[in-house]
>>> print(open('final16.cif').read())   # mmCIF, C-alpha atoms
data_input
#
loop_
_atom_site.group_PDB
_atom_site.id
_atom_site.type_symbol
_atom_site.label_atom_id
_atom_site.label_comp_id
_atom_site.auth_asym_id
_atom_site.auth_seq_id
_atom_site.Cartn_x
_atom_site.Cartn_y
_atom_site.Cartn_z
ATOM 1 C CA MET A 193 -35.777 -26.855 -36.214
ATOM 2 C CA ASN A 194 -34.259 -24.271 -38.510
ATOM 3 C CA GLU A 195 -33.681 -21.338 -36.215
ATOM 4 C CA PRO A 196 -33.211 -20.519 -32.550
ATOM 5 C CA PRO A 197 -36.162 -19.383 -30.393
ATOM 6 C CA LYS A 198 -37.602 -16.040 -31.531
ATOM 7 C CA GLU A 199 -37.605 -14.785 -27.991
ATOM 8 C CA GLY A 200 -33.995 -14.370 -26.956
ATOM 9 C CA ILE A 201 -32.344 -14.192 -23.563
ATOM 10 C CA LYS A 202 -32.274 -10.487 -22.752
ATOM 11 C CA TYR A 203 -29.692 -10.249 -19.989
ATOM 12 C CA ILE A 204 -26.913 -12.251 -18.433
ATOM 13 C CA ASP A 205 -25.595 -11.706 -14.926
ATOM 14 C CA SER A 206 -21.863 -11.594 -14.755
ATOM 15 C CA LYS A 207 -20.234 -11.004 -11.417
ATOM 16 C CA VAL A 208 -16.658 -9.805 -11.393
ATOM 17 C CA TYR A 209 -15.066 -11.304 -8.290
ATOM 18 C CA LEU A 210 -11.655 -10.066 -7.205
ATOM 19 C CA PRO A 211 -10.224 -11.572 -4.015
ATOM 20 C CA TYR A 212 -7.286 -9.606 -2.628
ATOM 21 C CA ASP A 213 -4.915 -10.607 0.149
ATOM 22 C CA TYR A 214 -3.609 -7.545 1.921
ATOM 23 C CA ILE A 215 -0.535 -7.834 4.095
ATOM 24 C CA ALA A 216 0.233 -5.042 6.538
ATOM 25 C CA GLY A 217 3.948 -5.027 7.318
ATOM 26 C CA ASP A 218 5.827 -3.826 10.380
ATOM 27 C CA PHE A 219 5.162 -0.079 10.030
ATOM 28 C CA LYS A 220 1.542 -0.436 8.929
ATOM 29 C CA VAL A 221 0.751 -2.801 11.794
ATOM 30 C CA ARG A 222 2.149 -0.312 14.318
ATOM 31 C CA TYR A 223 0.052 2.406 12.713
ATOM 32 C CA LEU A 224 -3.129 0.301 12.878
ATOM 33 C CA ASN A 225 -2.506 -0.834 16.455
ATOM 34 C CA ALA A 226 -1.927 2.781 17.535
ATOM 35 C CA LEU A 227 -5.406 3.714 16.270
ATOM 36 C CA LYS A 228 -6.859 1.578 19.072
ATOM 37 C CA ASP A 229 -5.310 4.078 21.504
ATOM 38 C CA LYS A 230 -6.570 7.086 19.514
ATOM 39 C CA ARG A 231 -3.031 7.720 18.315
ATOM 40 C CA ILE A 232 -2.071 8.450 14.719
ATOM 41 C CA LEU A 233 1.449 7.336 13.976
ATOM 42 C CA GLY A 234 3.782 8.805 11.378
ATOM 43 C CA SER A 235 7.417 8.252 10.497
ATOM 44 C CA LYS A 236 10.085 10.905 10.123
ATOM 45 C CA CYS A 237 12.585 11.044 7.264
ATOM 46 C CA SER A 238 16.143 10.871 8.592
ATOM 47 C CA LYS A 239 17.328 13.297 5.923
ATOM 48 C CA THR A 240 14.606 15.904 5.440
ATOM 49 C CA GLY A 241 12.666 15.531 8.702
ATOM 50 C CA LYS A 242 9.393 15.237 6.798
ATOM 51 C CA VAL A 243 6.710 13.215 8.546
ATOM 52 C CA PHE A 244 4.694 10.671 6.589
ATOM 53 C CA VAL A 245 1.290 9.333 7.641
ATOM 54 C CA PRO A 246 0.688 6.404 7.531
ATOM 55 C CA PRO A 247 4.351 5.747 8.361
ATOM 56 C CA LEU A 248 6.624 4.871 5.438
ATOM 57 C CA VAL A 249 9.838 2.871 5.689
ATOM 58 C CA ASN A 250 11.647 5.209 3.320
ATOM 59 C CA SER A 251 10.891 8.681 2.071
ATOM 60 C CA PRO A 252 9.608 8.535 -1.513
ATOM 61 C CA GLU A 253 11.193 11.965 -1.964
ATOM 62 C CA SER A 254 14.722 11.606 -0.545
ATOM 63 C CA PHE A 255 14.802 7.775 -0.476
ATOM 64 C CA ALA A 256 16.388 8.081 2.977
ATOM 65 C CA PRO A 257 15.111 5.749 5.713
ATOM 66 C CA CYS A 258 12.490 7.006 8.139
ATOM 67 C CA ASN A 259 14.026 5.919 11.420
ATOM 68 C CA GLU A 260 11.733 7.538 13.950
ATOM 69 C CA PHE A 261 8.055 7.092 14.748
ATOM 70 C CA VAL A 262 6.190 10.224 15.764
ATOM 71 C CA ASP A 263 2.637 10.859 16.864
ATOM 72 C CA VAL A 264 0.726 13.386 14.805
ATOM 73 C CA ALA A 265 -2.444 15.159 15.904
ATOM 74 C CA ASP A 266 -5.935 13.841 15.205
ATOM 75 C CA ARG A 267 -6.806 17.222 13.747
ATOM 76 C CA GLY A 268 -5.611 19.160 10.770
ATOM 77 C CA VAL A 269 -6.530 21.150 7.698
ATOM 78 C CA VAL A 270 -8.461 20.332 4.521
ATOM 79 C CA THR A 271 -5.953 20.705 1.698
ATOM 80 C CA THR A 272 -8.199 19.625 -1.127
ATOM 81 C CA PHE A 273 -11.625 18.015 -1.349
ATOM 82 C CA CYS A 274 -14.376 16.792 -3.593
ATOM 83 C CA ILE A 275 -18.131 16.730 -3.208
ATOM 84 C CA VAL A 276 -19.590 13.296 -3.843
ATOM 85 C CA ASN A 277 -22.990 13.317 -5.538
ATOM 86 C CA ILE A 278 -23.152 9.689 -6.619
ATOM 87 C CA PRO A 279 -24.080 7.036 -4.048
ATOM 88 C CA VAL A 280 -21.498 4.284 -3.638
ATOM 89 C CA ILE A 281 -22.799 0.745 -3.184
ATOM 90 C CA GLY A 282 -21.852 -0.491 0.262
ATOM 91 C CA ARG A 283 -21.385 2.987 1.676
ATOM 92 C CA ASN A 284 -24.568 4.227 3.262
ATOM 93 C CA LEU A 285 -23.951 7.980 3.344
ATOM 94 C CA GLU A 286 -26.349 10.777 2.637
ATOM 95 C CA ILE A 287 -25.327 12.601 -0.528
ATOM 96 C CA PRO A 288 -23.904 15.062 -1.242
ATOM 97 C CA TYR A 289 -21.010 14.515 1.137
ATOM 98 C CA VAL A 290 -17.422 15.718 1.263
ATOM 99 C CA ALA A 291 -14.315 13.574 0.756
ATOM 100 C CA ALA A 292 -11.132 15.453 1.518
ATOM 101 C CA SER A 293 -7.389 15.300 1.824
ATOM 102 C CA VAL A 294 -6.506 16.304 5.362
ATOM 103 C CA ALA A 295 -3.011 17.374 6.429
ATOM 104 C CA LEU A 296 -2.839 16.430 10.100
ATOM 105 C CA ASP A 297 -0.942 18.767 12.400
ATOM 106 C CA GLY A 298 2.616 17.476 12.500
ATOM 107 C CA ALA A 299 2.376 15.605 9.174
ATOM 108 C CA ASP A 300 3.884 16.673 5.862
ATOM 109 C CA ILE A 301 1.453 14.799 3.639
ATOM 110 C CA SER A 302 -2.327 14.441 3.663
ATOM 111 C CA ILE A 303 -4.490 11.477 4.426
ATOM 112 C CA PHE A 304 -7.772 10.794 2.679
ATOM 113 C CA ALA A 305 -10.771 11.402 4.903
ATOM 114 C CA LEU A 306 -14.541 11.527 5.014
ATOM 115 C CA ILE A 307 -15.924 14.834 6.276
ATOM 116 C CA GLN A 308 -19.274 14.881 8.083
ATOM 117 C CA GLU A 309 -21.249 17.409 10.137
ATOM 118 C CA CYS A 310 -20.456 19.798 7.304
ATOM 119 C CA LYS A 311 -22.705 20.972 4.481
ATOM 120 C CA ALA A 312 -21.151 20.242 1.103
ATOM 121 C CA GLU A 313 -21.283 23.900 0.123
ATOM 122 C CA ASP A 314 -19.380 24.872 3.290
ATOM 123 C CA ALA A 315 -16.336 22.714 2.511
ATOM 124 C CA HIS A 316 -13.267 24.693 1.545
ATOM 125 C CA MET A 317 -9.482 24.534 1.432
ATOM 126 C CA GLY A 318 -7.893 25.594 4.694
ATOM 127 C CA MET A 319 -10.868 24.444 6.795
ATOM 128 C CA ARG A 320 -9.786 23.076 10.194
ATOM 129 C CA VAL A 321 -11.131 19.584 10.990
ATOM 130 C CA GLU A 322 -10.814 17.028 13.780
ATOM 131 C CA ALA A 323 -11.215 13.254 13.951
ATOM 132 C CA VAL A 324 -14.323 11.692 15.449
ATOM 133 C CA TRP A 325 -13.270 8.356 16.893
ATOM 134 C CA LYS A 326 -15.195 5.234 17.629
ATOM 135 C CA PRO A 327 -15.919 4.963 21.365
ATOM 136 C CA ASP A 328 -13.393 3.313 23.683
ATOM 137 C CA GLY A 329 -13.620 -0.457 23.607
ATOM 138 C CA GLU A 330 -14.982 -0.506 20.039
ATOM 139 C CA ARG A 331 -11.784 0.395 18.182
ATOM 140 C CA GLN A 332 -10.345 -2.562 16.309
ATOM 141 C CA GLY A 333 -7.108 -1.200 14.929
ATOM 142 C CA ASP A 334 -8.387 -0.455 11.439
ATOM 143 C CA HIS A 335 -9.281 2.600 9.395
ATOM 144 C CA GLU A 336 -12.880 2.476 10.575
ATOM 145 C CA ASP A 337 -11.629 3.490 14.044
ATOM 146 C CA ILE A 338 -11.827 7.070 12.799
ATOM 147 C CA LEU A 339 -15.475 7.444 11.866
ATOM 148 C CA TYR A 340 -14.971 10.736 10.051
ATOM 149 C CA PHE A 341 -13.570 14.226 10.420
ATOM 150 C CA ARG A 342 -15.681 17.272 11.248
ATOM 151 C CA PRO A 343 -15.061 21.038 11.186
ATOM 152 C CA THR A 344 -13.622 22.412 14.425
ATOM 153 C CA GLY A 345 -14.847 25.973 13.925
ATOM 154 C CA GLU A 346 -11.309 27.305 14.305
ATOM 155 C CA PRO A 347 -10.184 30.068 11.921
ATOM 156 C CA ASP A 348 -8.997 28.822 8.514
ATOM 157 C CA ALA A 349 -5.329 27.890 8.167
ATOM 158 C CA PRO A 350 -3.345 30.201 5.884
ATOM 159 C CA GLN A 351 -2.660 28.683 2.476
ATOM 160 C CA ALA A 352 1.109 28.808 2.924
ATOM 161 C CA SER A 353 0.792 26.440 5.901
ATOM 162 C CA TYR A 354 -0.606 23.567 3.859
ATOM 163 C CA ILE A 355 0.082 24.222 0.185
ATOM 164 C CA ASN A 356 3.127 21.904 0.250
ATOM 165 C CA ARG A 357 1.380 19.205 2.247
ATOM 166 C CA LEU A 358 -1.218 18.076 -0.250
ATOM 167 C CA MET B 209 1.527 12.502 23.599
ATOM 168 C CA ASN B 210 3.878 9.549 23.576
ATOM 169 C CA GLN B 211 7.604 9.933 23.281
ATOM 170 C CA PRO B 212 9.033 9.481 19.809
ATOM 171 C CA SER B 213 10.368 5.973 19.317
ATOM 172 C CA THR B 214 12.979 4.697 16.936
ATOM 173 C CA THR B 215 12.107 2.268 14.193
ATOM 174 C CA SER B 216 14.990 -0.066 14.936
ATOM 175 C CA GLY B 217 14.750 -3.031 17.295
ATOM 176 C CA THR B 218 11.956 -5.556 17.498
ATOM 177 C CA SER B 219 9.640 -5.593 14.539
ATOM 178 C CA VAL B 220 5.936 -6.308 14.696
ATOM 179 C CA ALA B 221 4.394 -9.373 13.103
ATOM 180 C CA PRO B 222 2.558 -8.679 9.844
ATOM 181 C CA LEU B 223 -1.218 -8.709 9.628
ATOM 182 C CA HIS B 224 -3.200 -10.350 6.885
ATOM 183 C CA GLU B 225 -6.621 -9.515 5.605
ATOM 184 C CA ARG B 226 -8.652 -10.879 2.734
ATOM 185 C CA ARG B 227 -10.770 -8.321 0.925
ATOM 186 C CA VAL B 228 -13.100 -9.295 -1.875
ATOM 187 C CA MET B 229 -14.233 -6.821 -4.483
ATOM 188 C CA GLU B 230 -17.352 -7.735 -6.387
ATOM 189 C CA PHE B 231 -18.901 -5.991 -9.339
ATOM 190 C CA PRO B 232 -22.376 -7.364 -10.099
ATOM 191 C CA TYR B 233 -22.757 -6.602 -13.796
ATOM 192 C CA LYS B 234 -25.892 -7.248 -15.836
ATOM 193 C CA HIS B 235 -25.104 -7.363 -19.528
ATOM 194 C CA SER B 236 -27.682 -6.751 -22.214
ATOM 195 C CA THR B 237 -27.197 -9.539 -24.736
ATOM 196 C CA GLY B 238 -28.689 -7.953 -27.829
ATOM 197 C CA SER B 239 -31.018 -9.694 -30.265
ATOM 198 C CA THR B 240 -28.474 -11.997 -31.901
ATOM 199 C CA ILE B 241 -26.608 -13.376 -28.870
ATOM 200 C CA GLY B 242 -29.934 -13.397 -27.015
ATOM 201 C CA ARG B 243 -31.319 -15.916 -29.497
ATOM 202 C CA PHE B 244 -28.044 -17.891 -29.533
ATOM 203 C CA LEU B 245 -28.333 -18.248 -25.731
ATOM 204 C CA ALA B 246 -32.019 -19.154 -25.935
ATOM 205 C CA GLY B 247 -31.000 -21.925 -28.346
ATOM 206 C CA LEU B 248 -28.580 -23.329 -25.761
ATOM 207 C CA LYS B 249 -31.161 -23.200 -23.007
ATOM 208 C CA GLU B 250 -34.313 -24.338 -24.759
ATOM 209 C CA GLN B 251 -33.115 -26.431 -27.683
ATOM 210 C CA LYS B 252 -29.704 -27.646 -26.547
ATOM 211 C CA VAL B 253 -28.478 -26.532 -29.936
ATOM 212 C CA ILE B 254 -25.488 -24.359 -30.831
ATOM 213 C CA TRP B 255 -26.499 -21.893 -33.522
ATOM 214 C CA GLY B 256 -24.379 -19.884 -35.904
ATOM 215 C CA GLN B 257 -25.171 -17.483 -38.686
ATOM 216 C CA ARG B 258 -23.898 -17.228 -42.215
ATOM 217 C CA ALA B 259 -22.047 -13.976 -42.789
ATOM 218 C CA SER B 260 -20.591 -12.601 -46.014
ATOM 219 C CA GLY B 261 -16.982 -13.684 -46.529
ATOM 220 C CA GLN B 262 -16.857 -15.569 -43.227
ATOM 221 C CA GLY B 263 -18.920 -18.710 -43.647
ATOM 222 C CA VAL B 264 -20.769 -19.859 -40.515
ATOM 223 C CA VAL B 265 -19.943 -17.666 -37.529
ATOM 224 C CA VAL B 266 -20.281 -19.171 -34.024
ATOM 225 C CA PRO B 267 -21.210 -17.512 -31.789
ATOM 226 C CA PRO B 268 -22.985 -15.187 -34.218
ATOM 227 C CA VAL B 269 -22.658 -11.417 -34.035
ATOM 228 C CA GLY B 270 -25.452 -10.505 -36.476
ATOM 229 C CA TYR B 271 -23.308 -9.025 -39.234
ATOM 230 C CA SER B 272 -20.306 -9.756 -41.393
ATOM 231 C CA GLU B 273 -17.027 -8.653 -39.887
ATOM 232 C CA VAL B 274 -15.652 -8.567 -43.434
ATOM 233 C CA ASP B 275 -18.008 -6.112 -45.110
ATOM 234 C CA GLY B 276 -20.487 -5.096 -42.415
ATOM 235 C CA SER B 277 -23.513 -6.562 -44.172
ATOM 236 C CA ASP B 278 -26.317 -8.164 -42.168
ATOM 237 C CA ALA B 279 -25.822 -11.814 -41.277
ATOM 238 C CA GLY B 280 -27.857 -14.366 -43.213
ATOM 239 C CA GLU B 281 -29.597 -17.573 -42.197
ATOM 240 C CA TRP B 282 -29.192 -19.354 -38.905
ATOM 241 C CA VAL B 283 -27.294 -22.649 -39.080
ATOM 242 C CA ALA B 284 -27.226 -25.314 -36.368
ATOM 243 C CA VAL B 285 -23.707 -26.624 -35.867
ATOM 244 C CA LYS B 286 -22.619 -29.772 -34.041
ATOM 245 C CA ASP B 287 -21.562 -29.828 -30.419
ATOM 246 C CA THR B 288 -18.302 -31.507 -31.422
ATOM 247 C CA GLY B 289 -15.290 -29.749 -32.854
ATOM 248 C CA VAL B 290 -11.574 -29.255 -32.928
ATOM 249 C CA VAL B 291 -9.340 -27.219 -30.617
ATOM 250 C CA SER B 292 -7.559 -24.417 -32.481
ATOM 251 C CA ALA B 293 -5.836 -22.808 -29.482
ATOM 252 C CA ALA B 294 -5.391 -23.593 -25.794
ATOM 253 C CA ALA B 295 -4.008 -21.892 -22.693
ATOM 254 C CA VAL B 296 -3.692 -23.878 -19.461
ATOM 255 C CA VAL B 297 -4.396 -22.135 -16.158
ATOM 256 C CA HIS B 298 -2.470 -24.032 -13.488
ATOM 257 C CA HIS B 299 -3.503 -21.878 -10.547
ATOM 258 C CA PRO B 300 -7.141 -20.855 -10.933
ATOM 259 C CA ILE B 301 -8.460 -17.939 -8.884
ATOM 260 C CA GLU B 302 -11.479 -18.788 -6.793
ATOM 261 C CA GLY B 303 -14.678 -17.229 -8.061
ATOM 262 C CA LEU B 304 -12.966 -15.582 -11.001
ATOM 263 C CA HIS B 305 -12.106 -18.568 -13.160
ATOM 264 C CA PRO B 306 -14.643 -21.137 -14.332
ATOM 265 C CA SER B 307 -12.981 -24.029 -12.503
ATOM 266 C CA SER B 308 -11.384 -24.509 -9.085
ATOM 267 C CA THR B 309 -8.930 -27.077 -10.432
ATOM 268 C CA PRO B 310 -6.414 -26.588 -13.256
ATOM 269 C CA PHE B 311 -8.180 -26.091 -16.561
ATOM 270 C CA ALA B 312 -7.541 -24.731 -20.032
ATOM 271 C CA PHE B 313 -9.155 -21.940 -21.965
ATOM 272 C CA VAL B 314 -9.672 -23.205 -25.498
ATOM 273 C CA LEU B 315 -10.889 -22.006 -28.847
ATOM 274 C CA VAL B 316 -13.093 -24.645 -30.442
ATOM 275 C CA ARG B 317 -14.058 -24.691 -34.105
ATOM 276 C CA LEU B 318 -17.275 -26.663 -33.981
ATOM 277 C CA ASP B 319 -18.145 -29.074 -36.797
ATOM 278 C CA GLY B 320 -20.130 -27.053 -39.300
ATOM 279 C CA ALA B 321 -18.657 -23.727 -38.156
ATOM 280 C CA ASP B 322 -15.958 -21.615 -39.780
ATOM 281 C CA THR B 323 -14.959 -19.611 -36.709
ATOM 282 C CA ALA B 324 -13.776 -20.703 -33.276
ATOM 283 C CA MET B 325 -15.631 -20.193 -30.018
ATOM 284 C CA ALA B 326 -14.004 -19.619 -26.631
ATOM 285 C CA HIS B 327 -14.744 -22.127 -23.863
ATOM 286 C CA PHE B 328 -12.773 -24.330 -21.518
ATOM 287 C CA VAL B 329 -11.630 -27.885 -20.824
ATOM 288 C CA THR B 330 -11.319 -29.166 -17.255
ATOM 289 C CA GLU B 331 -10.214 -32.786 -17.626
ATOM 290 C CA ASN B 332 -7.466 -34.813 -19.290
ATOM 291 C CA LEU B 333 -5.348 -31.722 -19.858
ATOM 292 C CA ASP B 334 -2.390 -34.000 -20.659
ATOM 293 C CA ARG B 335 -4.213 -34.974 -23.834
ATOM 294 C CA LEU B 336 -5.051 -31.406 -24.776
ATOM 295 C CA LYS B 337 -3.376 -30.071 -27.896
ATOM 296 C CA VAL B 338 -4.204 -28.011 -30.926
ATOM 297 C CA GLY B 339 -6.122 -30.396 -33.146
ATOM 298 C CA ALA B 340 -7.684 -32.356 -30.280
ATOM 299 C CA ARG B 341 -11.296 -33.364 -30.848
ATOM 300 C CA VAL B 342 -13.706 -32.164 -28.171
ATOM 301 C CA GLN B 343 -17.407 -32.355 -27.398
ATOM 302 C CA ALA B 344 -19.646 -30.035 -25.403
ATOM 303 C CA VAL B 345 -20.805 -31.258 -21.980
ATOM 304 C CA TRP B 346 -24.314 -29.895 -21.474
ATOM 305 C CA ALA B 347 -25.849 -28.796 -18.195
ATOM 306 C CA PRO B 348 -28.981 -30.817 -17.286
ATOM 307 C CA ASP B 349 -32.310 -29.584 -18.684
ATOM 308 C CA ASP B 350 -33.420 -28.035 -15.400
ATOM 309 C CA GLN B 351 -30.131 -26.220 -14.878
ATOM 310 C CA ARG B 352 -29.725 -24.386 -18.173
ATOM 311 C CA THR B 353 -30.379 -20.687 -17.686
ATOM 312 C CA GLY B 354 -29.441 -19.150 -21.013
ATOM 313 C CA THR B 355 -25.754 -18.430 -20.601
ATOM 314 C CA ILE B 356 -22.624 -19.814 -22.253
ATOM 315 C CA ARG B 357 -22.270 -21.926 -19.095
ATOM 316 C CA ASP B 358 -25.239 -23.996 -20.281
ATOM 317 C CA ILE B 359 -22.322 -25.800 -21.878
ATOM 318 C CA THR B 360 -20.603 -26.914 -18.673
ATOM 319 C CA CYS B 361 -17.274 -27.455 -20.416
ATOM 320 C CA PHE B 362 -15.779 -29.311 -23.344
ATOM 321 C CA ARG B 363 -14.359 -32.797 -22.958
ATOM 322 C CA ILE B 364 -11.648 -34.368 -25.051
ATOM 323 C CA ILE B 365 -12.936 -37.220 -27.211
ATOM 324 C CA ALA B 366 -9.876 -37.836 -29.404
#
>>> encode(input="final16.cif", output="structure tokens")
Amino acid sequence: MNEPPKEGIKYIDSKVYLPYDYIAGDFKVRYLNALKDKRILGSKCSKTGKVFVPPLVNSPESFAPCNEFVDVADRGVVTTFCIVNIPVIGRNLEIPYVAASVALDGADISIFALIQECKAEDAHMGMRVEAVWKPDGERQGDHEDILYFRPTGEPDAPQASYINRL
Amino acid sequence: MNQPSTTSGTSVAPLHERRVMEFPYKHSTGSTIGRFLAGLKEQKVIWGQRASGQGVVVPPVGYSEVDGSDAGEWVAVKDTGVVSAAAVVHHPIEGLHPSSTPFAFVLVRLDGADTAMAHFVTENLDRLKVGARVQAVWAPDDQRTGTIRDITCFRIIA
């Protein structure tokens, strides 16, 4: 035997496996539990009055504590978006679809949201959208409780109303 | 809409969730490593290649890393060798590391080779040191699939 087999192994399977342990603390647990009741919870900065969603313990801007929980609306405005043309493994969505930052009414920052019932080419900044919730009794207190957001058909929000809430 | 509530007072117990991310990669081996792996699987032999300025390179890469020239003849090396570096992992991560109990990544310069190959040692870590003699532990004939794991691990022999 003076050499390895002529026919080599062509491929090797190599699975990258990354187990994460997520801990939701006090504020995040309240936020998740509120979703069961179709409520979206934010926290208000004691110094600037800005409302963060999901609720933060301290403002990343003023560093002041957020000492008040407030409900924000389950509707808002698309502040920025992207059109997804590449299928994601484990996410069974028809492409192209729209992923957007949505500034909920009453919140000073955007959340990341899936937009459905909207043609990709119709997505635009300032578009008004509303949450579509899982039916009563099926909500678990997790992010899947909001299935997606969809256009409301309301007139577009003026840019000045959301440009600082990206 | 509910009344605003203050954040002071009773706190809520934390929640815990385990999320696993998996990326199922399929790597193309290339002609040189492909034959090296076939040697492990079919012949139970560890092959290297002579390369200009480097001696016998294991595992082979197909060229000289010194001057870029094509590698020369294939050379079978022994499945025994000497540890040239070691790093002990005391808290292995499930599914990510090659062992569920404490183990050590090692570089092994096999007898007959001039370069060191990365692998791992799972037992007798108290005897592990640079210079320790080790031998490959082979997977049974019906369990070798043509990966570096056809060598189950290295065991310390001296």
>>> closest_atom_pairs(input="final16.cif", of="chain B", to="chain A", cutoff="6 Å", atoms="all atoms listed in the file", output="Markdown table")
| residue | atom | partner | partner_atom | distance |
| --- | --- | --- | --- | --- |
| B:Pro212 | CA | A:Val262 | CA | 5.0 |
| B:Ser213 | CA | A:Phe261 | CA | 5.2 |
| B:Thr214 | CA | A:Glu260 | CA | 4.3 |
| B:Thr215 | CA | A:Asn259 | CA | 5.0 |
| B:Ser219 | CA | A:Asp218 | CA | 5.9 |
| B:Val220 | CA | A:Asp218 | CA | 5.0 |
| B:Pro222 | CA | A:Gly217 | CA | 4.7 |
| B:Leu223 | CA | A:Ala216 | CA | 5.0 |
| B:His224 | CA | A:Ile215 | CA | 4.6 |
| B:Glu225 | CA | A:Tyr214 | CA | 5.2 |
| B:Arg226 | CA | A:Asp213 | CA | 4.6 |
| B:Arg227 | CA | A:Tyr212 | CA | 5.1 |
| B:Val228 | CA | A:Pro211 | CA | 4.2 |
| B:Met229 | CA | A:Leu210 | CA | 5.0 |
| B:Glu230 | CA | A:Tyr209 | CA | 4.6 |
| B:Phe231 | CA | A:Val208 | CA | 4.9 |
| B:Pro232 | CA | A:Lys207 | CA | 4.4 |
| B:Tyr233 | CA | A:Ser206 | CA | 5.2 |
| B:Lys234 | CA | A:Asp205 | CA | 4.6 |
| B:His235 | CA | A:Ile204 | CA | 5.3 |
| B:Ser236 | CA | A:Tyr203 | CA | 4.6 |
| B:Thr237 | CA | A:Tyr203 | CA | 5.4 |
| B:Gly242 | CA | A:Gly200 | CA | 4.2 |
| B:Arg243 | CA | A:Gly200 | CA | 4.0 |
| B:Ala246 | CA | A:Gly200 | CA | 5.3 |
| B:Gly247 | CA | A:Pro196 | CA | 5.0 |
| B:Trp282 | CA | A:Glu195 | CA | 5.6 |
| B:Gly303 | CA | A:Tyr209 | CA | 5.9 |
| B:Leu304 | CA | A:Tyr209 | CA | 5.5 |
>>> atom_distance(input="final16.cif", atom1="atom CA of A:Met317", atom2="atom CA of A:Asp266")
17.8 Å
>>> atom_distance(input="final16.cif", atom1="atom CA of A:Ala312", atom2="atom CA of A:Gln351")
20.4 Å
>>> atom_distance(input="final16.cif", atom1="atom CA of B:Ala321", atom2="atom CA of B:Ala340")
16.0 Å
>>> closest_residue(input="final16.cif", among="A:Ile301, A:Leu306, A:Val324, A:Val269", to="A:Arg283", atoms="all atoms listed in the file")
A:Leu306
>>> build_atoms(input="final16.cif", residues="stretch 336-347 of chain A", atoms="N, CA and C atoms", output="PDB file, in the frame of the given file")
ATOM      1  N   GLU A 336     -11.534   2.103  10.132  1.00  0.00           N
ATOM      2  CA  GLU A 336     -12.880   2.476  10.575  1.00  0.00           C
ATOM      3  C   GLU A 336     -12.846   3.054  11.998  1.00  0.00           C
ATOM      4  N   ASP A 337     -11.711   2.943  12.683  1.00  0.00           N
ATOM      5  CA  ASP A 337     -11.629   3.490  14.044  1.00  0.00           C
ATOM      6  C   ASP A 337     -11.861   4.991  14.052  1.00  0.00           C
ATOM      7  N   ILE A 338     -11.465   5.658  12.964  1.00  0.00           N
ATOM      8  CA  ILE A 338     -11.827   7.070  12.799  1.00  0.00           C
ATOM      9  C   ILE A 338     -13.101   7.077  11.959  1.00  0.00           C
ATOM     10  N   LEU A 339     -14.192   7.489  12.569  1.00  0.00           N
ATOM     11  CA  LEU A 339     -15.475   7.444  11.866  1.00  0.00           C
ATOM     12  C   LEU A 339     -15.492   8.451  10.728  1.00  0.00           C
ATOM     13  N   TYR A 340     -15.011   9.661  11.052  1.00  0.00           N
ATOM     14  CA  TYR A 340     -14.971  10.736  10.051  1.00  0.00           C
ATOM     15  C   TYR A 340     -14.263  11.921  10.680  1.00  0.00           C
ATOM     16  N   PHE A 341     -14.065  12.958   9.891  1.00  0.00           N
ATOM     17  CA  PHE A 341     -13.570  14.226  10.420  1.00  0.00           C
ATOM     18  C   PHE A 341     -14.702  15.248  10.352  1.00  0.00           C
ATOM     19  N   ARG A 342     -14.655  16.222  11.258  1.00  0.00           N
ATOM     20  CA  ARG A 342     -15.681  17.272  11.248  1.00  0.00           C
ATOM     21  C   ARG A 342     -15.009  18.628  11.466  1.00  0.00           C
ATOM     22  N   PRO A 343     -15.651  19.708  11.005  1.00  0.00           N
ATOM     23  CA  PRO A 343     -15.061  21.038  11.186  1.00  0.00           C
ATOM     24  C   PRO A 343     -14.926  21.360  12.674  1.00  0.00           C
ATOM     25  N   THR A 344     -13.836  22.039  13.023  1.00  0.00           N
ATOM     26  CA  THR A 344     -13.622  22.412  14.425  1.00  0.00           C
ATOM     27  C   THR A 344     -14.184  23.793  14.727  1.00  0.00           C
ATOM     28  N   GLY A 345     -14.401  24.603  13.704  1.00  0.00           N
ATOM     29  CA  GLY A 345     -14.847  25.973  13.925  1.00  0.00           C
ATOM     30  C   GLY A 345     -13.702  26.943  14.141  1.00  0.00           C
ATOM     31  N   GLU A 346     -12.468  26.411  14.168  1.00  0.00           N
ATOM     32  CA  GLU A 346     -11.309  27.305  14.305  1.00  0.00           C
ATOM     33  C   GLU A 346     -11.180  28.160  13.033  1.00  0.00           C
ATOM     34  N   PRO A 347     -10.437  29.267  13.130  1.00  0.00           N
ATOM     35  CA  PRO A 347     -10.184  30.068  11.921  1.00  0.00           C
ATOM     36  C   PRO A 347      -9.449  29.231  10.877  1.00  0.00           C
TER      37      PRO A 347
END
